[in-house]
file run39.cif (mmCIF, C-alpha atoms)
data_upload
#
loop_
_atom_site.label_atom_id
_atom_site.label_comp_id
_atom_site.auth_asym_id
_atom_site.auth_seq_id
_atom_site.Cartn_x
_atom_site.Cartn_y
_atom_site.Cartn_z
CA MET E 18 16.60 0.45 137.53
CA THR E 19 14.86 2.81 135.32
CA THR E 20 14.11 1.55 131.77
CA GLU E 21 14.43 4.15 128.95
CA ILE E 22 12.18 3.83 125.89
CA THR E 23 13.27 5.76 122.86
CA TYR E 24 10.59 6.65 120.31
CA ALA E 25 11.49 7.00 116.72
CA GLU E 26 9.26 9.20 114.66
CA VAL E 27 8.51 7.72 111.35
CA ARG E 28 6.76 9.75 108.71
CA PHE E 29 5.30 8.37 105.44
CA LYS E 30 5.06 10.67 102.49
CA ASN E 31 2.16 9.82 100.18
CA GLU E 32 2.94 10.34 96.50
CA ALA E 33 -0.68 11.21 95.85
CA LYS E 34 -3.56 12.21 97.95
CA ALA E 35 -5.92 9.45 98.77
CA SER E 36 -8.97 11.34 97.65
CA GLY E 37 -7.44 12.55 94.30
CA THR E 38 -7.11 10.78 90.94
CA PRO E 39 -3.74 9.70 89.59
CA SER E 40 -2.13 12.59 87.75
CA GLU E 41 -1.43 12.10 83.99
CA ALA E 42 2.03 12.56 82.64
CA PRO E 43 2.36 15.52 80.23
CA ALA E 44 1.99 14.57 76.55
CA ALA E 45 5.20 14.38 74.60
CA PRO E 46 5.43 16.92 71.74
CA LYS E 47 4.62 15.49 68.32
CA GLU E 48 7.49 15.11 66.00
CA LYS E 49 7.27 16.21 62.35
CA THR E 50 6.76 13.25 60.02
CA SER E 51 9.01 12.78 57.06
CA PRO E 52 8.46 10.43 54.06
CA THR E 53 9.60 6.98 54.79
CA PRO E 54 11.76 5.16 52.24
CA SER E 55 8.69 3.10 51.25
CA ASN E 56 6.57 6.20 50.48
CA SER E 57 9.37 7.76 48.46
CA ARG E 58 9.72 4.62 46.36
CA ASN E 59 5.97 4.50 45.67
CA PHE E 60 6.00 8.14 44.56
CA LYS E 61 8.83 7.47 42.11
CA LEU E 62 6.99 4.46 40.67
CA LEU E 63 3.82 6.53 40.24
CA LEU E 64 5.75 9.31 38.52
CA ALA E 65 7.40 6.81 36.16
CA ALA E 66 4.01 5.30 35.32
CA VAL E 67 2.58 8.74 34.49
CA VAL E 68 5.54 9.53 32.21
CA ILE E 69 5.23 6.18 30.41
CA LEU E 70 1.49 6.69 29.95
CA LEU E 71 2.10 10.18 28.55
CA LEU E 72 4.69 8.84 26.08
CA LEU E 73 2.35 6.06 24.99
CA THR E 74 -0.44 8.61 24.45
CA ILE E 75 1.81 10.80 22.31
CA SER E 76 3.00 7.77 20.29
CA PHE E 77 -0.59 6.63 19.74
CA PHE E 78 -1.61 10.11 18.60
CA ILE E 79 1.26 10.29 16.09
CA ALA E 80 0.45 6.82 14.76
CA PHE E 81 -3.24 7.72 14.51
CA VAL E 82 -2.54 10.93 12.59
CA SER E 83 -0.30 9.12 10.08
CA PHE E 84 -2.50 6.04 9.72
CA PHE E 85 -5.96 7.61 9.68
CA PRO E 86 -5.85 9.08 6.13
CA LYS E 87 -4.82 5.70 4.70
CA TYR E 88 -7.46 3.90 6.73
CA SER E 89 -10.14 6.41 5.75
CA LYS E 90 -9.25 6.05 2.07
CA LEU E 91 -9.37 2.25 2.35
CA VAL E 92 -12.78 2.38 4.04
CA GLN E 93 -14.11 4.69 1.34
CA GLU E 94 -12.83 2.39 -1.39
CA GLN E 95 -14.35 -0.65 0.28
CA LYS E 96 -17.63 1.19 0.80
CA PHE E 97 -17.60 2.28 -2.84
CA ALA E 98 -17.06 -1.30 -3.97
CA GLN E 99 -19.85 -2.55 -1.71
CA GLU E 100 -22.29 0.09 -2.91
CA LEU E 101 -21.81 -0.74 -6.56
CA THR E 102 -24.92 -2.21 -8.09
CA HIS E 103 -22.83 -4.36 -10.43
CA THR E 104 -22.59 -8.03 -9.60
CA ALA E 105 -19.48 -8.79 -11.65
CA LEU E 106 -16.25 -7.04 -12.58
CA GLU E 107 -13.87 -7.64 -15.43
CA CYS E 108 -10.28 -6.88 -14.49
CA LYS E 109 -6.91 -6.79 -16.15
CA LYS E 110 -3.38 -6.27 -14.97
CA ALA E 111 -2.60 -2.58 -14.82
CA ASN E 112 0.77 -0.89 -15.22
CA LEU E 113 0.47 1.47 -12.27
CA THR E 114 2.97 3.27 -10.10
CA MET E 115 0.84 2.54 -7.05
CA LYS E 116 2.54 -0.01 -4.78
CA VAL E 117 -0.53 -1.97 -3.71
CA LYS E 118 -3.07 -1.74 -6.51
CA SER E 119 -2.23 -3.62 -9.70
CA TRP E 120 -5.62 -4.49 -11.21
CA SER E 121 -8.00 -2.17 -13.07
CA CYS E 122 -11.62 -3.27 -13.33
CA CYS E 123 -14.82 -2.29 -15.09
CA PRO E 124 -18.28 -3.70 -14.45
CA LYS E 125 -19.28 -6.48 -16.80
CA ASN E 126 -20.72 -5.14 -20.09
CA TRP E 127 -18.86 -1.84 -19.65
CA GLU E 128 -16.04 -0.86 -22.00
CA PRO E 129 -12.67 0.29 -20.63
CA PHE E 130 -10.69 3.22 -22.01
CA GLY E 131 -8.02 5.26 -20.28
CA SER E 132 -9.01 5.60 -16.63
CA SER E 133 -12.76 5.22 -17.27
CA CYS E 134 -15.44 2.66 -18.04
CA TYR E 135 -18.30 3.29 -20.50
CA PHE E 136 -21.80 1.88 -20.74
CA ILE E 137 -24.15 2.33 -23.71
CA SER E 138 -27.72 2.45 -22.43
CA SER E 139 -30.48 1.33 -24.80
CA GLU E 140 -33.17 2.72 -22.48
CA THR E 141 -34.69 5.91 -23.85
CA LYS E 142 -35.21 8.55 -21.18
CA ASN E 143 -35.14 12.34 -20.95
CA TRP E 144 -31.85 13.99 -19.99
CA THR E 145 -32.57 14.25 -16.24
CA ASP E 146 -33.72 10.64 -15.94
CA SER E 147 -30.75 9.50 -18.02
CA GLU E 148 -28.38 11.19 -15.58
CA LYS E 149 -30.21 9.61 -12.63
CA ASN E 150 -29.89 6.22 -14.30
CA CYS E 151 -26.12 6.71 -14.56
CA GLU E 152 -25.94 7.89 -10.94
CA ARG E 153 -27.74 4.74 -9.84
CA MET E 154 -24.78 2.83 -11.29
CA GLN E 155 -22.24 5.10 -9.55
CA ALA E 156 -21.54 6.87 -12.85
CA HIS E 157 -22.53 10.01 -14.76
CA LEU E 158 -23.44 10.90 -18.32
CA LEU E 159 -20.46 10.91 -20.68
CA VAL E 160 -17.97 13.75 -20.32
CA VAL E 161 -15.74 14.09 -23.40
CA ASP E 162 -12.25 15.38 -22.60
CA SER E 163 -10.37 14.68 -25.84
CA LYS E 164 -10.62 13.62 -29.48
CA GLU E 165 -9.26 10.20 -28.52
CA GLU E 166 -12.15 9.72 -26.11
CA GLN E 167 -14.67 10.97 -28.68
CA ASP E 168 -13.28 8.53 -31.28
CA PHE E 169 -13.32 5.63 -28.84
CA VAL E 170 -16.95 6.20 -27.84
CA LYS E 171 -18.30 6.72 -31.37
CA ASN E 172 -16.76 3.38 -32.41
CA LEU E 173 -18.98 1.70 -29.83
CA LEU E 174 -22.14 3.11 -31.41
CA ILE E 175 -24.21 1.88 -34.36
CA SER E 176 -26.98 4.44 -34.82
CA GLY E 177 -29.29 6.73 -32.88
CA SER E 178 -28.78 9.66 -30.53
CA TYR E 179 -27.14 9.46 -27.11
CA TYR E 180 -27.29 11.99 -24.32
CA LEU E 181 -23.99 13.47 -23.14
CA GLY E 182 -23.39 15.02 -19.74
CA LEU E 183 -23.41 18.53 -21.26
CA SER E 184 -26.13 21.12 -20.73
CA ASP E 185 -26.71 24.82 -20.08
CA LEU E 186 -29.61 24.27 -17.69
CA LYS E 187 -28.04 25.83 -14.59
CA ASN E 188 -26.22 29.00 -15.53
CA GLY E 189 -27.11 29.57 -19.16
CA HIS E 190 -23.74 28.35 -20.46
CA TRP E 191 -22.48 24.88 -21.30
CA GLU E 192 -21.35 22.83 -18.31
CA TRP E 193 -20.38 19.20 -17.80
CA VAL E 194 -22.19 17.21 -15.12
CA ASN E 195 -18.97 16.43 -13.23
CA GLU E 196 -17.93 20.11 -13.22
CA THR E 197 -15.11 19.53 -15.71
CA PRO E 198 -14.47 22.91 -17.39
CA TYR E 199 -16.10 23.22 -20.81
CA ASN E 200 -13.20 23.44 -23.28
CA GLN E 201 -14.26 25.00 -26.58
CA SER E 202 -11.11 23.72 -28.23
CA ALA E 203 -12.20 20.13 -27.51
CA THR E 204 -15.78 20.18 -28.82
CA PHE E 205 -17.27 18.13 -31.63
CA TRP E 206 -20.38 19.98 -32.75
CA HIS E 207 -21.99 19.29 -36.09
CA PRO E 208 -21.70 22.31 -38.41
CA GLY E 209 -24.15 25.03 -37.37
CA GLU E 210 -24.58 23.58 -33.87
CA PRO E 211 -25.62 24.53 -31.28
CA SER E 212 -28.49 26.03 -33.23
CA ASN E 213 -31.39 26.65 -30.85
CA GLY E 214 -31.39 28.73 -27.68
CA ASN E 215 -34.35 26.74 -26.39
CA GLU E 216 -32.48 23.43 -26.60
CA HIS E 217 -30.42 23.05 -23.45
CA CYS E 218 -29.02 19.52 -23.64
CA VAL E 219 -26.62 17.74 -25.98
CA VAL E 220 -26.63 14.40 -27.79
CA LEU E 221 -24.00 12.54 -29.77
CA ARG E 222 -25.71 11.85 -33.11
CA PHE E 223 -24.74 10.39 -36.46
CA ASN E 224 -25.34 12.81 -39.33
CA SER E 225 -22.88 11.78 -42.04
CA PHE E 226 -20.47 11.55 -39.10
CA TRP E 227 -20.75 11.38 -35.34
CA GLY E 228 -21.03 14.83 -33.79
CA TRP E 229 -22.85 16.88 -31.16
CA ASN E 230 -26.29 18.46 -31.48
CA ASP E 231 -28.20 20.56 -28.98
CA ILE E 232 -31.64 19.15 -28.26
CA SER E 233 -34.62 19.57 -25.95
CA CYS E 234 -33.89 17.98 -22.58
CA TYR E 235 -37.40 16.47 -22.45
CA LEU E 236 -37.02 14.21 -25.47
CA PRO E 237 -36.38 10.51 -24.74
CA GLN E 238 -32.98 9.41 -26.03
CA ASN E 239 -30.39 6.71 -25.46
CA SER E 240 -27.44 7.68 -23.26
CA ILE E 241 -23.81 6.92 -22.48
CA CYS E 242 -22.66 6.52 -18.89
CA GLU E 243 -19.08 6.95 -17.70
CA MET E 244 -17.40 6.00 -14.43
CA LEU E 245 -13.86 5.77 -13.13
CA LYS E 246 -12.20 2.39 -13.19
CA ILE E 247 -12.02 0.42 -9.98
CA TYR E 248 -8.50 -0.44 -8.86
CA PHE E 249 -7.37 -3.28 -6.60
#

call {"tool": "encode", "arguments": {"input": "run39.cif", "output": "structure tokens"}}
result
Amino acid sequence: MTTEITYAEVRFKNEAKASGTPSEAPAAPKEKTSPTPSNSRNFKLLLAAVVILLLLTISFFIAFVSFFPKYSKLVQEQKFAQELTHTALECKKANLTMKVKSWSCCPKNWEPFGSSCYFISSETKNWTDSEKNCERMQAHLLVVDSKEEQDFVKNLLISGSYYLGLSDLKNGHWEWVNETPYNQSATFWHPGEPSNGNEHCVVLRFNSFWGWNDISCYLPQNSICEMLKIYF
């Protein structure tokens, strides 16, 4: 008996060549990124913070503009009070329309009248040094604005001559030291005065009555200082 052998051909298909490297899969295309809910929330919070900061800045600026003038004035007043050479003040209740300030003060040994304080200096100096002496006390030589002021001051005096803050040293015509306009209708010259073109300063002098005389600015005389009252 003949035996039949049937051969089956089997073939194996290699997915990759043995000598080659594994092939890489093609890269997937990148998708466009869009803000996540978390990023969107952070952006809104940042925007709100910027708006609040801007509003606060504007509010601060408005408050600064409205407050600064008052603060500046207060600082100036405090500085003025600190710079005064006077060690004591005499104050009285003042009838003022100002809401805060209700006391008017003059340095001790100064006399109050109207809105000013007056000091009679017994030191005899020339006109320039007399003015410097008043300035040292945060004042100036007397400026007479009215008959009432003239009458008040002369009642403080006994005798002698006292420099006023009136001269024609700068421009050849009479001027007050504080730049108050010289009012010819409110002058109190003795008859015939001023009498000398070479005398450029003025004193308050008693000659049967208290009046003004022109005089040389180099002569030593007493003086009268005037300053504004201090209000608290």

call {"tool": "closest_residue", "arguments": {"input": "run39.cif", "among": "E:Trp229, E:Tyr235, E:Phe223, E:Phe249", "to": "E:Gly209", "atoms": "only C-alpha atoms"}}
result
E:Trp229

call {"tool": "resolve_selection", "arguments": {"input": "run39.cif", "expression": "the PyMOL selection byres ((chain E and resi 107) around 7)", "output": "list in words"}}
result
Ala105, Leu106, Cys108, Cys122, Cys123, Pro124 and Lys125 of chain E

call {"tool": "write_last_selection", "arguments": {"input": "run39.cif", "atoms": "C-alpha atoms", "output": "PDB file, keeping the file's coordinate frame"}}
result
ATOM      1  CA  ALA E 105     -19.480  -8.790 -11.650  1.00  0.00           C
ATOM      2  CA  LEU E 106     -16.250  -7.040 -12.580  1.00  0.00           C
ATOM      3  CA  CYS E 108     -10.280  -6.880 -14.490  1.00  0.00           C
ATOM      4  CA  CYS E 122     -11.620  -3.270 -13.330  1.00  0.00           C
ATOM      5  CA  CYS E 123     -14.820  -2.290 -15.090  1.00  0.00           C
ATOM      6  CA  PRO E 124     -18.280  -3.700 -14.450  1.00  0.00           C
ATOM      7  CA  LYS E 125     -19.280  -6.480 -16.800  1.00  0.00           C
TER       8      LYS E 125
END

call {"tool": "atom_distance", "arguments": {"input": "run39.cif", "atom1": "atom CA of E:Glu210", "atom2": "atom CA of E:Arg222"}}
result
11.8 Å

call {"tool": "atom_distance", "arguments": {"input": "run39.cif", "atom1": "atom CA of E:Trp120", "atom2": "atom CA of E:Tyr248"}}
result
5.5 Å

call {"tool": "atom_distance", "arguments": {"input": "run39.cif", "atom1": "atom CA of E:Ile247", "atom2": "atom CA of E:Phe81"}}
result
27.0 Å

call {"tool": "residues_around", "arguments": {"input": "run39.cif", "residues": "E:Asp185", "least_positions_apart": "5", "cutoff": "10 Å", "atoms": "all atoms listed in the file", "output": "ChimeraX atom specification"}}
result
/E:190-193,214,216-219,231

call {"tool": "residues_around", "arguments": {"input": "run39.cif", "residues": "E:Lys149", "least_positions_apart": "5", "cutoff": "12 Å", "atoms": "only C-alpha atoms", "output": "mmCIF file with C-alpha atoms, in the frame of the given file"}}
result
data_model
loop_
_atom_site.group_PDB
_atom_site.id
_atom_site.type_symbol
_atom_site.label_atom_id
_atom_site.label_comp_id
_atom_site.auth_asym_id
_atom_site.auth_seq_id
_atom_site.Cartn_x
_atom_site.Cartn_y
_atom_site.Cartn_z
ATOM 1 C CA LYS E 142 -35.210 8.550 -21.180
ATOM 2 C CA ASN E 143 -35.140 12.340 -20.950
ATOM 3 C CA TRP E 144 -31.850 13.990 -19.990
ATOM 4 C CA MET E 154 -24.780 2.830 -11.290
ATOM 5 C CA GLN E 155 -22.240 5.100 -9.550
ATOM 6 C CA ALA E 156 -21.540 6.870 -12.850
ATOM 7 C CA HIS E 157 -22.530 10.010 -14.760
ATOM 8 C CA LEU E 158 -23.440 10.900 -18.320
ATOM 9 C CA GLY E 182 -23.390 15.020 -19.740
ATOM 10 C CA VAL E 194 -22.190 17.210 -15.120
ATOM 11 C CA SER E 240 -27.440 7.680 -23.260
ATOM 12 C CA CYS E 242 -22.660 6.520 -18.890
#

call {"tool": "closest_residue", "arguments": {"input": "run39.cif", "among": "E:Ser184, E:Ser57, E:Asn150, E:Gln201", "to": "E:Glu243", "atoms": "all atoms listed in the file"}}
result
E:Asn150
